[in-house]
Amino acid sequence: MIADVFRGRLWAPVGVLASLTYFLHQRRAALAELRGADGQHPVDRSRLELKMVQVVFRHGARSPLKPLPQEEQVEWNTRLLEVPPQTQLDCTVTNLAGGPKPHSPFDSQYCKTVLKGGMFAGQLTNVGMCQMFALGERLRKNYVEDVPFLSPTFNPQEVFVRSSNMCRNLESTRCLLAGLFQRQKEGPVIIHTDEASSEVLYPNYQNCWSLRERTRGRRWAASLQPGISEDLKKVKEGMDIGSSDEVDFLILFDNVAAEQAHGLLSSPMLKRFARLIEQRAVDTALYVQSGDRESLQMAVGPLLHLLESNLLKVTDPATPPGQARKLYLYSAHDVTLIPLLTALGIFDHKWPPFAVDVTLELYQHQESKEWFVQLYYHGEEQVPRGCPGQLCPLDEFLNTMSVYTLNPEKYHSLCSQAQATEPEMESD
């Protein structure tokens with residue numbers, strides 16, 4: 001799909017059309033919502049009872065993963081690592097079975113890159129910590145203050161927390177919990193994580209052979225596509241970056257986003273080209289992702305299966321009391337959110353910012369006992385793919401998502417298939 005767009009320098013108008021199509025879809029669905037799911041009988045929202053909330057979020061602002069090859073470098077001073085007192089909270093990190101925290105090969109790799117000023121690549125800063133604390137406070141307002149759904153203090157019987165095994169994500173999760181529960185807890189705060197080889201909170205190129213092969217070389221190939229190629233040459237020349245330097249729009253935008261979040265500036269040209277760099281970074285990510293069904297399945301199918309399993313656990317009358325939690329928190333990455341938003345049909349062709357969240361609420365009608373879901377992105381109501389309105393019948397939502405959802409058996413089967421062709425996008 002996306003390859004056709006790259007045949008000419010038509011991406012800017014196509015991007016506008018894509019944004020317009022997205023807006024019209026949301027508008028039509030909002031009007032359908034007013035008429036009700038069957039076109040006649042609107043749902044009485046006052047009779048809906050909130051049963052569960054799931055939140056998938058990106059970590060907070062961090063240092064760049066790879067500095068640009070320029071003389072002028074931003075100083076990433078270690079003072080940016082000072083922890084704001086309000087974000088402190090005692091947490092324990094375990095593996096999924098409750099055992100010791102696994103080794104993190106990503107963090108070991110990031111520590112090898114020392115930036116000007118003394119910070120390592122990819123470190124969460126106090127700016128990012130405050131962003132996550134603010135997200136936690138927003139969730140507290142929504143689910144503790146405005147609606148008395150969660151206990152005002154952390155209760156391990158109500159909340160399940162899982163994070164990818166990277167320091168910035170684990171710290172982001174701690175800060176979110178500190179904001180959500182104002183550092184108050186009734187029991188131990190456990191953050192669960194998994195081995196890098198089997199993690200499903202980001203597209204796992206190490207574990208999924210077919211996904212690795214499908215994307216091999218596509219990041220490099222994206223920089224050669226018409227439109228992207230010319231824009232990349234213009235930006236690199238404007239910033240005095242040599243044409244032989246291995247810098248693409250993903251590296252450029254990674255530095256733009258990190259610098260902007262902290263009010264830093266390495267190059268006036270980087271600021272001048274910021275919007276172009278972001279759009280072309282999105283174009284590059286979508287090209288790498290391919291956009292076909294199987295690629296999306298392998299990228300986020302296991303995560304969608306987790307979300308689906310949690311929904312079904314709550315709706316199953318046979319589920320023993322206490323087995324289903326009220327709140328599930330998943331700390332992920334931008335490379336998680338782009339395919340997730342694409343699968344949900346709500347990707348707006350803008351790069352997911354630091355500390356952004358996708359929130360899925362589950363409701364039950366008190367009289368009819370019907371189940372509904374409500375989806376939010378960055379705090380704004382969304383209409384998922386295949387749904388008649390913002391309030392979506394659960395069976396319709398699950399039916400649409402089943403196209404991309406993969407249980408562990410299907411995931412491993414698909415990932416082991418001998419596919420053809422082609423380094424992956426780095427987890428942010």
# chains A, B, ... in the order shown; residues from 1 in each chain; ligands from 1

call {"tool": "select_by_dssp", "arguments": {"residues": "region 310-420 of chain A", "states": "alpha helix (DSSP H)", "output": "PyMOL selection string"}}
result
chain A and resi 310-315+334-344+394-401+408-415

call {"tool": "residues_around", "arguments": {"residues": "Asp107 (chain A)", "least_positions_apart": "4", "cutoff": "7 Å", "atoms": "only C-alpha atoms", "output": "VMD selection string"}}
result
chain A and resid 111 166 to 167

call {"tool": "closest_residue", "arguments": {"among": "A:Gly379, A:Pro85, A:Phe249, A:Ser266", "to": "Lys141 (chain A)", "atoms": "only C-alpha atoms"}}
result
A:Gly379

call {"tool": "closest_atom_pairs", "arguments": {"of": "region 81-177 of chain A", "to": "region 50-56 of chain A", "cutoff": "10 Å", "atoms": "only C-alpha atoms", "output": "CSV"}}
result
residue,atom,partner,partner_atom,distance
A:Leu139,CA,A:Val55,CA,9.5
A:Tyr143,CA,A:Val53,CA,8.9
A:Val147,CA,A:Leu50,CA,9.0
A:Pro148,CA,A:Leu50,CA,9.9
A:Phe149,CA,A:Leu50,CA,7.4
A:Leu150,CA,A:Met52,CA,9.8
A:Glu158,CA,A:Met52,CA,9.7
A:Val159,CA,A:Val53,CA,9.7
A:Phe160,CA,A:Gln54,CA,9.6
A:Val161,CA,A:Val55,CA,9.8
A:Arg162,CA,A:Val56,CA,9.7
A:Ser163,CA,A:Val56,CA,9.6

call {"tool": "residues_around", "arguments": {"residues": "Asn204 (chain A)", "least_positions_apart": "3", "cutoff": "12 Å", "atoms": "only C-alpha atoms", "output": "ChimeraX atom specification"}}
result
/A:164,194-201,207-213,215,295-303,333,335-336,411-412,415,424-427

call {"tool": "select_by_dssp", "arguments": {"residues": "region 156-216 of chain A", "states": "strand (DSSP E)", "output": "list in words"}}
result
Val159, Phe160, Val161, Arg162, Ser163, Ile190, Ile191, His192 and Thr193 of chain A

call {"tool": "closest_residue", "arguments": {"among": "A:Ser290, A:Gln157, A:Ser229, A:Ser223", "to": "Pro321 (chain A)", "atoms": "only C-alpha atoms"}}
result
A:Gln157

call {"tool": "atom_distance", "arguments": {"atom1": "CA of Gln225 (chain A)", "atom2": "CA of Asp283 (chain A)"}}
result
10.1 Å

call {"tool": "closest_residue", "arguments": {"among": "A:Ala274, A:Pro100, A:Glu294, A:Gly117", "to": "Gln417 (chain A)", "atoms": "only C-alpha atoms"}}
result
A:Glu294

call {"tool": "residues_around", "arguments": {"residues": "Glu396 (chain A)", "least_positions_apart": "3", "cutoff": "12 Å", "atoms": "only C-alpha atoms", "output": "list of chain:residue names"}}
result
A:Ala37, A:Glu370, A:Trp371, A:Phe372, A:Val373, A:Pro384, A:Arg385, A:Gly386, A:Cys387, A:Pro388, A:Gly389, A:Leu391, A:Cys392, A:Pro393, A:Asn399, A:Thr400, A:Met401, A:Ser402, A:Val403

call {"tool": "write_last_selection", "arguments": {"atoms": "N, CA, C and O atoms", "output": "compact mmCIF listing (two decimals), in the first residue's frame"}}
result
# COMPACT_ATOMS: atom_id res chain seq x y z
N ALA A 37 -25.99 2.25 18.15
CA ALA A 37 -25.27 1.24 17.38
C ALA A 37 -26.12 0.63 16.30
O ALA A 37 -25.63 0.24 15.25
N GLU A 370 -25.22 -5.93 28.27
CA GLU A 370 -24.34 -5.87 27.10
C GLU A 370 -23.01 -5.22 27.48
O GLU A 370 -22.95 -4.40 28.39
N TRP A 371 -21.97 -5.59 26.72
CA TRP A 371 -20.62 -5.06 26.96
C TRP A 371 -20.23 -4.08 25.86
O TRP A 371 -20.52 -4.30 24.69
N PHE A 372 -19.53 -3.03 26.25
CA PHE A 372 -19.07 -2.01 25.31
C PHE A 372 -17.64 -1.61 25.65
O PHE A 372 -17.21 -1.72 26.80
N VAL A 373 -16.93 -1.12 24.63
CA VAL A 373 -15.60 -0.57 24.85
C VAL A 373 -15.57 0.88 24.38
O VAL A 373 -16.32 1.28 23.48
N PRO A 384 -12.71 3.15 16.95
CA PRO A 384 -11.89 2.06 16.42
C PRO A 384 -12.41 1.56 15.08
O PRO A 384 -13.59 1.70 14.76
N ARG A 385 -11.52 0.99 14.33
CA ARG A 385 -11.87 0.36 13.06
C ARG A 385 -13.02 -0.62 13.25
O ARG A 385 -13.04 -1.42 14.19
N GLY A 386 -14.02 -0.56 12.37
CA GLY A 386 -15.12 -1.51 12.40
C GLY A 386 -16.20 -1.22 13.42
O GLY A 386 -17.13 -2.01 13.56
N CYS A 387 -16.09 -0.11 14.13
CA CYS A 387 -17.07 0.23 15.17
C CYS A 387 -18.05 1.28 14.66
O CYS A 387 -17.67 2.18 13.90
N PRO A 388 -19.32 1.21 15.09
CA PRO A 388 -20.32 2.17 14.60
C PRO A 388 -20.20 3.54 15.24
O PRO A 388 -20.75 4.51 14.73
N GLY A 389 -19.50 3.64 16.35
CA GLY A 389 -19.36 4.93 17.03
C GLY A 389 -18.30 4.83 18.10
O GLY A 389 -17.59 3.82 18.23
N LEU A 391 -18.66 4.64 21.28
CA LEU A 391 -19.01 3.56 22.19
C LEU A 391 -19.27 2.32 21.34
O LEU A 391 -20.23 2.27 20.58
N CYS A 392 -18.39 1.33 21.46
CA CYS A 392 -18.41 0.20 20.52
C CYS A 392 -18.82 -1.09 21.21
O CYS A 392 -18.25 -1.45 22.26
N PRO A 393 -19.80 -1.81 20.67
CA PRO A 393 -20.13 -3.12 21.23
C PRO A 393 -18.90 -4.01 21.26
O PRO A 393 -18.15 -4.09 20.27
N ASN A 399 -14.26 -8.65 17.00
CA ASN A 399 -14.34 -9.22 15.67
C ASN A 399 -13.40 -8.52 14.70
O ASN A 399 -12.70 -9.16 13.90
N THR A 400 -13.36 -7.20 14.78
CA THR A 400 -12.46 -6.44 13.91
C THR A 400 -11.01 -6.68 14.28
O THR A 400 -10.15 -6.87 13.41
N MET A 401 -10.71 -6.68 15.58
CA MET A 401 -9.33 -6.87 16.02
C MET A 401 -8.82 -8.29 15.77
O MET A 401 -7.61 -8.52 15.72
N SER A 402 -9.74 -9.24 15.60
CA SER A 402 -9.33 -10.63 15.37
C SER A 402 -8.51 -10.78 14.09
O SER A 402 -7.76 -11.75 13.93
N VAL A 403 -8.63 -9.81 13.19
CA VAL A 403 -7.85 -9.83 11.95
C VAL A 403 -6.36 -9.72 12.26
O VAL A 403 -5.52 -10.26 11.52

call {"tool": "closest_residue", "arguments": {"among": "A:Val282, A:Ala134, A:Leu304, A:Ala261", "to": "Leu406 (chain A)", "atoms": "only C-alpha atoms"}}
result
A:Leu304

call {"tool": "residues_around", "arguments": {"residues": "Lys236 (chain A)", "least_positions_apart": "3", "cutoff": "10 Å", "atoms": "only C-alpha atoms", "output": "PDB file with C-alpha atoms, in the first residue's frame"}}
result
ATOM      1  CA  ASP A 231      14.184  15.570   1.217  1.00  0.00           C
ATOM      2  CA  LEU A 232      16.862  13.638   3.101  1.00  0.00           C
ATOM      3  CA  LYS A 233      19.565  15.044   0.812  1.00  0.00           C
ATOM      4  CA  MET A 239      22.945  20.577   8.375  1.00  0.00           C
ATOM      5  CA  ASP A 240      26.392  19.840   6.902  1.00  0.00           C
ATOM      6  CA  ILE A 241      25.971  16.108   7.385  1.00  0.00           C
ATOM      7  CA  GLY A 242      27.940  14.123   4.856  1.00  0.00           C
ATOM      8  CA  SER A 243      26.022  12.085   2.337  1.00  0.00           C
ATOM      9  CA  ASP A 245      26.978   9.293   7.028  1.00  0.00           C
ATOM     10  CA  VAL A 247      21.723   9.222   9.018  1.00  0.00           C
ATOM     11  CA  ASP A 248      18.087   8.732   8.024  1.00  0.00           C
ATOM     12  CA  PHE A 249      14.872  10.480   9.027  1.00  0.00           C
ATOM     13  CA  LEU A 252      17.032  12.873  12.632  1.00  0.00           C
ATOM     14  CA  MET A 269      18.519  23.941  10.630  1.00  0.00           C
ATOM     15  CA  LEU A 270      17.211  21.027  12.699  1.00  0.00           C
TER      16      LEU A 270
END

call {"tool": "residues_around", "arguments": {"residues": "Gln123 (chain A)", "least_positions_apart": "4", "cutoff": "7 Å", "atoms": "only C-alpha atoms", "output": "list in words"}}
result
Arg62, Ser63 and Arg168 of chain A

call {"tool": "residues_around", "arguments": {"residues": "Pro188 (chain A)", "least_positions_apart": "3", "cutoff": "12 Å", "atoms": "only C-alpha atoms", "output": "PDB file with all heavy atoms, in the first residue's frame"}}
result
ATOM      1  N   LEU A  89       8.920   6.374  44.205  1.00  0.00           N
ATOM      2  CA  LEU A  89       8.022   5.343  44.709  1.00  0.00           C
ATOM      3  C   LEU A  89       8.795   4.028  44.751  1.00  0.00           C
ATOM      4  O   LEU A  89       9.478   3.679  43.796  1.00  0.00           O
ATOM      5  CB  LEU A  89       6.800   5.198  43.787  1.00  0.00           C
ATOM      6  CG  LEU A  89       5.732   4.178  44.202  1.00  0.00           C
ATOM      7  CD1 LEU A  89       4.990   4.647  45.449  1.00  0.00           C
ATOM      8  CD2 LEU A  89       4.740   3.939  43.060  1.00  0.00           C
ATOM      9  N   ASP A  90       8.687   3.311  45.848  1.00  0.00           N
ATOM     10  CA  ASP A  90       9.379   2.031  45.967  1.00  0.00           C
ATOM     11  C   ASP A  90       8.679   0.980  45.104  1.00  0.00           C
ATOM     12  O   ASP A  90       7.489   0.701  45.300  1.00  0.00           O
ATOM     13  CB  ASP A  90       9.396   1.574  47.429  1.00  0.00           C
ATOM     14  CG  ASP A  90      10.327   2.418  48.293  1.00  0.00           C
ATOM     15  OD1 ASP A  90      11.281   2.984  47.736  1.00  0.00           O
ATOM     16  OD2 ASP A  90      10.082   2.515  49.512  1.00  0.00           O
ATOM     17  N   CYS A  91       9.418   0.418  44.159  1.00  0.00           N
ATOM     18  CA  CYS A  91       8.866  -0.605  43.274  1.00  0.00           C
ATOM     19  C   CYS A  91       9.833  -1.786  43.206  1.00  0.00           C
ATOM     20  O   CYS A  91      11.040  -1.627  43.409  1.00  0.00           O
ATOM     21  CB  CYS A  91       8.659  -0.063  41.856  1.00  0.00           C
ATOM     22  SG  CYS A  91       7.566   1.363  41.727  1.00  0.00           S
ATOM     23  N   THR A  92       9.294  -2.938  42.908  1.00  0.00           N
ATOM     24  CA  THR A  92      10.094  -4.135  42.687  1.00  0.00           C
ATOM     25  C   THR A  92       9.856  -4.617  41.265  1.00  0.00           C
ATOM     26  O   THR A  92       8.706  -4.721  40.826  1.00  0.00           O
ATOM     27  CB  THR A  92       9.720  -5.255  43.671  1.00  0.00           C
ATOM     28  OG1 THR A  92       9.909  -4.782  45.008  1.00  0.00           O
ATOM     29  CG2 THR A  92      10.575  -6.483  43.440  1.00  0.00           C
ATOM     30  N   VAL A  93      10.941  -4.885  40.542  1.00  0.00           N
ATOM     31  CA  VAL A  93      10.831  -5.371  39.169  1.00  0.00           C
ATOM     32  C   VAL A  93      11.113  -6.869  39.161  1.00  0.00           C
ATOM     33  O   VAL A  93      12.136  -7.328  39.678  1.00  0.00           O
ATOM     34  CB  VAL A  93      11.811  -4.642  38.235  1.00  0.00           C
ATOM     35  CG1 VAL A  93      11.673  -5.158  36.804  1.00  0.00           C
ATOM     36  CG2 VAL A  93      11.573  -3.136  38.283  1.00  0.00           C
ATOM     37  N   THR A  94      10.200  -7.636  38.580  1.00  0.00           N
ATOM     38  CA  THR A  94      10.364  -9.087  38.495  1.00  0.00           C
ATOM     39  C   THR A  94      10.143  -9.555  37.064  1.00  0.00           C
ATOM     40  O   THR A  94       9.675  -8.785  36.214  1.00  0.00           O
ATOM     41  CB  THR A  94       9.352  -9.819  39.402  1.00  0.00           C
ATOM     42  OG1 THR A  94       8.036  -9.736  38.805  1.00  0.00           O
ATOM     43  CG2 THR A  94       9.308  -9.207  40.798  1.00  0.00           C
ATOM     44  N   THR A 153      -5.318   4.619  46.842  1.00  0.00           N
ATOM     45  CA  THR A 153      -3.961   4.136  47.077  1.00  0.00           C
ATOM     46  C   THR A 153      -3.738   2.870  46.254  1.00  0.00           C
ATOM     47  O   THR A 153      -4.681   2.139  45.940  1.00  0.00           O
ATOM     48  CB  THR A 153      -3.733   3.818  48.569  1.00  0.00           C
ATOM     49  OG1 THR A 153      -4.683   2.828  48.983  1.00  0.00           O
ATOM     50  CG2 THR A 153      -3.914   5.067  49.425  1.00  0.00           C
ATOM     51  N   PHE A 154      -2.484   2.602  45.902  1.00  0.00           N
ATOM     52  CA  PHE A 154      -2.168   1.435  45.077  1.00  0.00           C
ATOM     53  C   PHE A 154      -2.568   0.159  45.794  1.00  0.00           C
ATOM     54  O   PHE A 154      -2.179  -0.089  46.938  1.00  0.00           O
ATOM     55  CB  PHE A 154      -0.678   1.391  44.739  1.00  0.00           C
ATOM     56  CG  PHE A 154      -0.284   0.194  43.923  1.00  0.00           C
ATOM     57  CD1 PHE A 154      -0.375   0.232  42.537  1.00  0.00           C
ATOM     58  CD2 PHE A 154       0.151  -0.977  44.530  1.00  0.00           C
ATOM     59  CE1 PHE A 154      -0.029  -0.885  41.773  1.00  0.00           C
ATOM     60  CE2 PHE A 154       0.500  -2.089  43.781  1.00  0.00           C
ATOM     61  CZ  PHE A 154       0.411  -2.042  42.397  1.00  0.00           C
ATOM     62  N   ASN A 155      -3.339  -0.671  45.095  1.00  0.00           N
ATOM     63  CA  ASN A 155      -3.765  -1.956  45.626  1.00  0.00           C
ATOM     64  C   ASN A 155      -3.398  -3.030  44.608  1.00  0.00           C
ATOM     65  O   ASN A 155      -3.944  -3.046  43.501  1.00  0.00           O
ATOM     66  CB  ASN A 155      -5.274  -1.956  45.875  1.00  0.00           C
ATOM     67  CG  ASN A 155      -5.781  -3.255  46.467  1.00  0.00           C
ATOM     68  OD1 ASN A 155      -5.096  -4.278  46.447  1.00  0.00           O
ATOM     69  ND2 ASN A 155      -6.989  -3.231  47.007  1.00  0.00           N
ATOM     70  N   PRO A 156      -2.471  -3.942  44.938  1.00  0.00           N
ATOM     71  CA  PRO A 156      -2.040  -4.952  43.953  1.00  0.00           C
ATOM     72  C   PRO A 156      -3.159  -5.881  43.511  1.00  0.00           C
ATOM     73  O   PRO A 156      -3.028  -6.557  42.479  1.00  0.00           O
ATOM     74  CB  PRO A 156      -0.939  -5.717  44.694  1.00  0.00           C
ATOM     75  CG  PRO A 156      -1.163  -5.440  46.141  1.00  0.00           C
ATOM     76  CD  PRO A 156      -1.752  -4.076  46.218  1.00  0.00           C
ATOM     77  N   GLN A 157      -4.272  -5.924  44.244  1.00  0.00           N
ATOM     78  CA  GLN A 157      -5.402  -6.731  43.824  1.00  0.00           C
ATOM     79  C   GLN A 157      -6.209  -6.058  42.718  1.00  0.00           C
ATOM     80  O   GLN A 157      -7.014  -6.698  42.047  1.00  0.00           O
ATOM     81  CB  GLN A 157      -6.323  -7.020  45.022  1.00  0.00           C
ATOM     82  CG  GLN A 157      -5.650  -7.775  46.149  1.00  0.00           C
ATOM     83  CD  GLN A 157      -5.083  -9.106  45.696  1.00  0.00           C
ATOM     84  OE1 GLN A 157      -5.758  -9.874  45.011  1.00  0.00           O
ATOM     85  NE2 GLN A 157      -3.837  -9.381  46.064  1.00  0.00           N
ATOM     86  N   VAL A 159      -4.579  -3.646  40.436  1.00  0.00           N
ATOM     87  CA  VAL A 159      -3.725  -3.124  39.364  1.00  0.00           C
ATOM     88  C   VAL A 159      -2.655  -4.133  38.981  1.00  0.00           C
ATOM     89  O   VAL A 159      -1.966  -4.687  39.836  1.00  0.00           O
ATOM     90  CB  VAL A 159      -3.045  -1.808  39.803  1.00  0.00           C
ATOM     91  CG1 VAL A 159      -2.254  -1.207  38.636  1.00  0.00           C
ATOM     92  CG2 VAL A 159      -4.074  -0.817  40.323  1.00  0.00           C
ATOM     93  N   PHE A 160      -2.530  -4.378  37.660  1.00  0.00           N
ATOM     94  CA  PHE A 160      -1.437  -5.184  37.121  1.00  0.00           C
ATOM     95  C   PHE A 160      -0.557  -4.274  36.280  1.00  0.00           C
ATOM     96  O   PHE A 160      -1.052  -3.508  35.446  1.00  0.00           O
ATOM     97  CB  PHE A 160      -1.968  -6.335  36.267  1.00  0.00           C
ATOM     98  CG  PHE A 160      -0.878  -7.155  35.630  1.00  0.00           C
ATOM     99  CD1 PHE A 160      -0.241  -8.160  36.340  1.00  0.00           C
ATOM    100  CD2 PHE A 160      -0.464  -6.905  34.324  1.00  0.00           C
ATOM    101  CE1 PHE A 160       0.779  -8.918  35.760  1.00  0.00           C
ATOM    102  CE2 PHE A 160       0.548  -7.644  33.732  1.00  0.00           C
ATOM    103  CZ  PHE A 160       1.174  -8.663  34.465  1.00  0.00           C
ATOM    104  N   VAL A 161       0.753  -4.377  36.478  1.00  0.00           N
ATOM    105  CA  VAL A 161       1.691  -3.470  35.809  1.00  0.00           C
ATOM    106  C   VAL A 161       2.739  -4.286  35.058  1.00  0.00           C
ATOM    107  O   VAL A 161       3.365  -5.185  35.636  1.00  0.00           O
ATOM    108  CB  VAL A 161       2.395  -2.549  36.824  1.00  0.00           C
ATOM    109  CG1 VAL A 161       3.235  -1.497  36.092  1.00  0.00           C
ATOM    110  CG2 VAL A 161       1.386  -1.880  37.749  1.00  0.00           C
ATOM    111  N   ARG A 183       1.865   8.350  45.498  1.00  0.00           N
ATOM    112  CA  ARG A 183       2.905   7.665  46.269  1.00  0.00           C
ATOM    113  C   ARG A 183       2.355   6.858  47.444  1.00  0.00           C
ATOM    114  O   ARG A 183       3.099   6.475  48.343  1.00  0.00           O
ATOM    115  CB  ARG A 183       3.959   8.663  46.751  1.00  0.00           C
ATOM    116  CG  ARG A 183       4.627   9.467  45.625  1.00  0.00           C
ATOM    117  CD  ARG A 183       5.600  10.477  46.176  1.00  0.00           C
ATOM    118  NE  ARG A 183       6.692   9.812  46.879  1.00  0.00           N
ATOM    119  CZ  ARG A 183       7.514  10.436  47.719  1.00  0.00           C
ATOM    120  NH1 ARG A 183       7.332  11.722  47.981  1.00  0.00           N
ATOM    121  NH2 ARG A 183       8.486   9.773  48.309  1.00  0.00           N
ATOM    122  N   GLN A 184       1.048   6.593  47.430  1.00  0.00           N
ATOM    123  CA  GLN A 184       0.427   5.824  48.510  1.00  0.00           C
ATOM    124  C   GLN A 184       0.166   4.389  48.036  1.00  0.00           C
ATOM    125  O   GLN A 184      -0.317   4.180  46.925  1.00  0.00           O
ATOM    126  CB  GLN A 184      -0.892   6.468  48.937  1.00  0.00           C
ATOM    127  CG  GLN A 184      -0.747   7.918  49.389  1.00  0.00           C
ATOM    128  CD  GLN A 184       0.160   8.057  50.593  1.00  0.00           C
ATOM    129  OE1 GLN A 184      -0.001   7.356  51.588  1.00  0.00           O
ATOM    130  NE2 GLN A 184       1.124   8.966  50.504  1.00  0.00           N
ATOM    131  N   LYS A 185       0.476   3.410  48.881  1.00  0.00           N
ATOM    132  CA  LYS A 185       0.275   2.023  48.483  1.00  0.00           C
ATOM    133  C   LYS A 185      -0.145   1.164  49.674  1.00  0.00           C
ATOM    134  O   LYS A 185       0.245   1.413  50.812  1.00  0.00           O
ATOM    135  CB  LYS A 185       1.534   1.454  47.836  1.00  0.00           C
ATOM    136  CG  LYS A 185       2.805   1.532  48.663  1.00  0.00           C
ATOM    137  CD  LYS A 185       4.020   1.241  47.788  1.00  0.00           C
ATOM    138  CE  LYS A 185       5.316   1.324  48.570  1.00  0.00           C
ATOM    139  NZ  LYS A 185       5.609   0.112  49.332  1.00  0.00           N
ATOM    140  N   ILE A 191       6.413  -4.419  39.248  1.00  0.00           N
ATOM    141  CA  ILE A 191       6.423  -4.162  37.807  1.00  0.00           C
ATOM    142  C   ILE A 191       6.952  -5.424  37.130  1.00  0.00           C
ATOM    143  O   ILE A 191       8.085  -5.839  37.368  1.00  0.00           O
ATOM    144  CB  ILE A 191       7.305  -2.957  37.442  1.00  0.00           C
ATOM    145  CG1 ILE A 191       6.822  -1.694  38.174  1.00  0.00           C
ATOM    146  CG2 ILE A 191       7.300  -2.722  35.927  1.00  0.00           C
ATOM    147  CD1 ILE A 191       7.714  -0.480  37.954  1.00  0.00           C
TER     148      ILE A 191
END

call {"tool": "atom_distance", "arguments": {"atom1": "CA of Pro353 (chain A)", "atom2": "CA of Leu80 (chain A)"}}
result
19.1 Å

call {"tool": "closest_residue", "arguments": {"among": "A:Leu68, A:Leu180, A:Ala121, A:Leu394", "to": "Ser267 (chain A)", "atoms": "only C-alpha atoms"}}
result
A:Leu68

call {"tool": "decode", "arguments": {"residues": "region 119-124 of chain A", "atoms": "all heavy atoms", "output": "compact mmCIF listing (two decimals), in the first residue's frame"}}
result
# COMPACT_ATOMS: atom_id res chain seq x y z
N MET A 119 25.54 12.04 29.85
CA MET A 119 24.44 11.09 29.86
C MET A 119 24.67 9.97 28.85
O MET A 119 25.38 10.14 27.86
CB MET A 119 23.11 11.80 29.55
CG MET A 119 22.57 12.64 30.70
SD MET A 119 20.98 13.42 30.30
CE MET A 119 19.96 11.98 29.97
N PHE A 120 24.01 8.84 29.10
CA PHE A 120 24.01 7.75 28.13
C PHE A 120 22.88 7.97 27.12
O PHE A 120 21.96 8.75 27.36
CB PHE A 120 23.81 6.40 28.82
CG PHE A 120 24.92 6.02 29.75
CD1 PHE A 120 24.64 5.57 31.03
CD2 PHE A 120 26.24 6.09 29.34
CE1 PHE A 120 25.66 5.20 31.89
CE2 PHE A 120 27.28 5.74 30.19
CZ PHE A 120 26.99 5.29 31.48
N ALA A 121 22.96 7.27 26.04
CA ALA A 121 21.87 7.29 25.06
C ALA A 121 20.61 6.67 25.67
O ALA A 121 20.68 5.71 26.44
CB ALA A 121 22.27 6.50 23.81
N GLY A 122 19.46 7.25 25.34
CA GLY A 122 18.18 6.66 25.72
C GLY A 122 17.83 6.73 27.19
O GLY A 122 16.99 5.96 27.64
N GLN A 123 18.42 7.65 27.95
CA GLN A 123 18.09 7.75 29.37
C GLN A 123 16.89 8.65 29.61
O GLN A 123 16.79 9.74 29.04
CB GLN A 123 19.29 8.30 30.16
CG GLN A 123 20.36 7.27 30.45
CD GLN A 123 21.38 7.77 31.48
OE1 GLN A 123 22.22 8.61 31.16
NE2 GLN A 123 21.30 7.25 32.70
N LEU A 124 15.98 8.20 30.48
CA LEU A 124 14.86 9.03 30.89
C LEU A 124 15.38 10.22 31.68
O LEU A 124 16.23 10.08 32.55
CB LEU A 124 13.89 8.22 31.76
CG LEU A 124 12.58 8.91 32.15
CD1 LEU A 124 11.63 8.98 30.96
CD2 LEU A 124 11.91 8.19 33.32
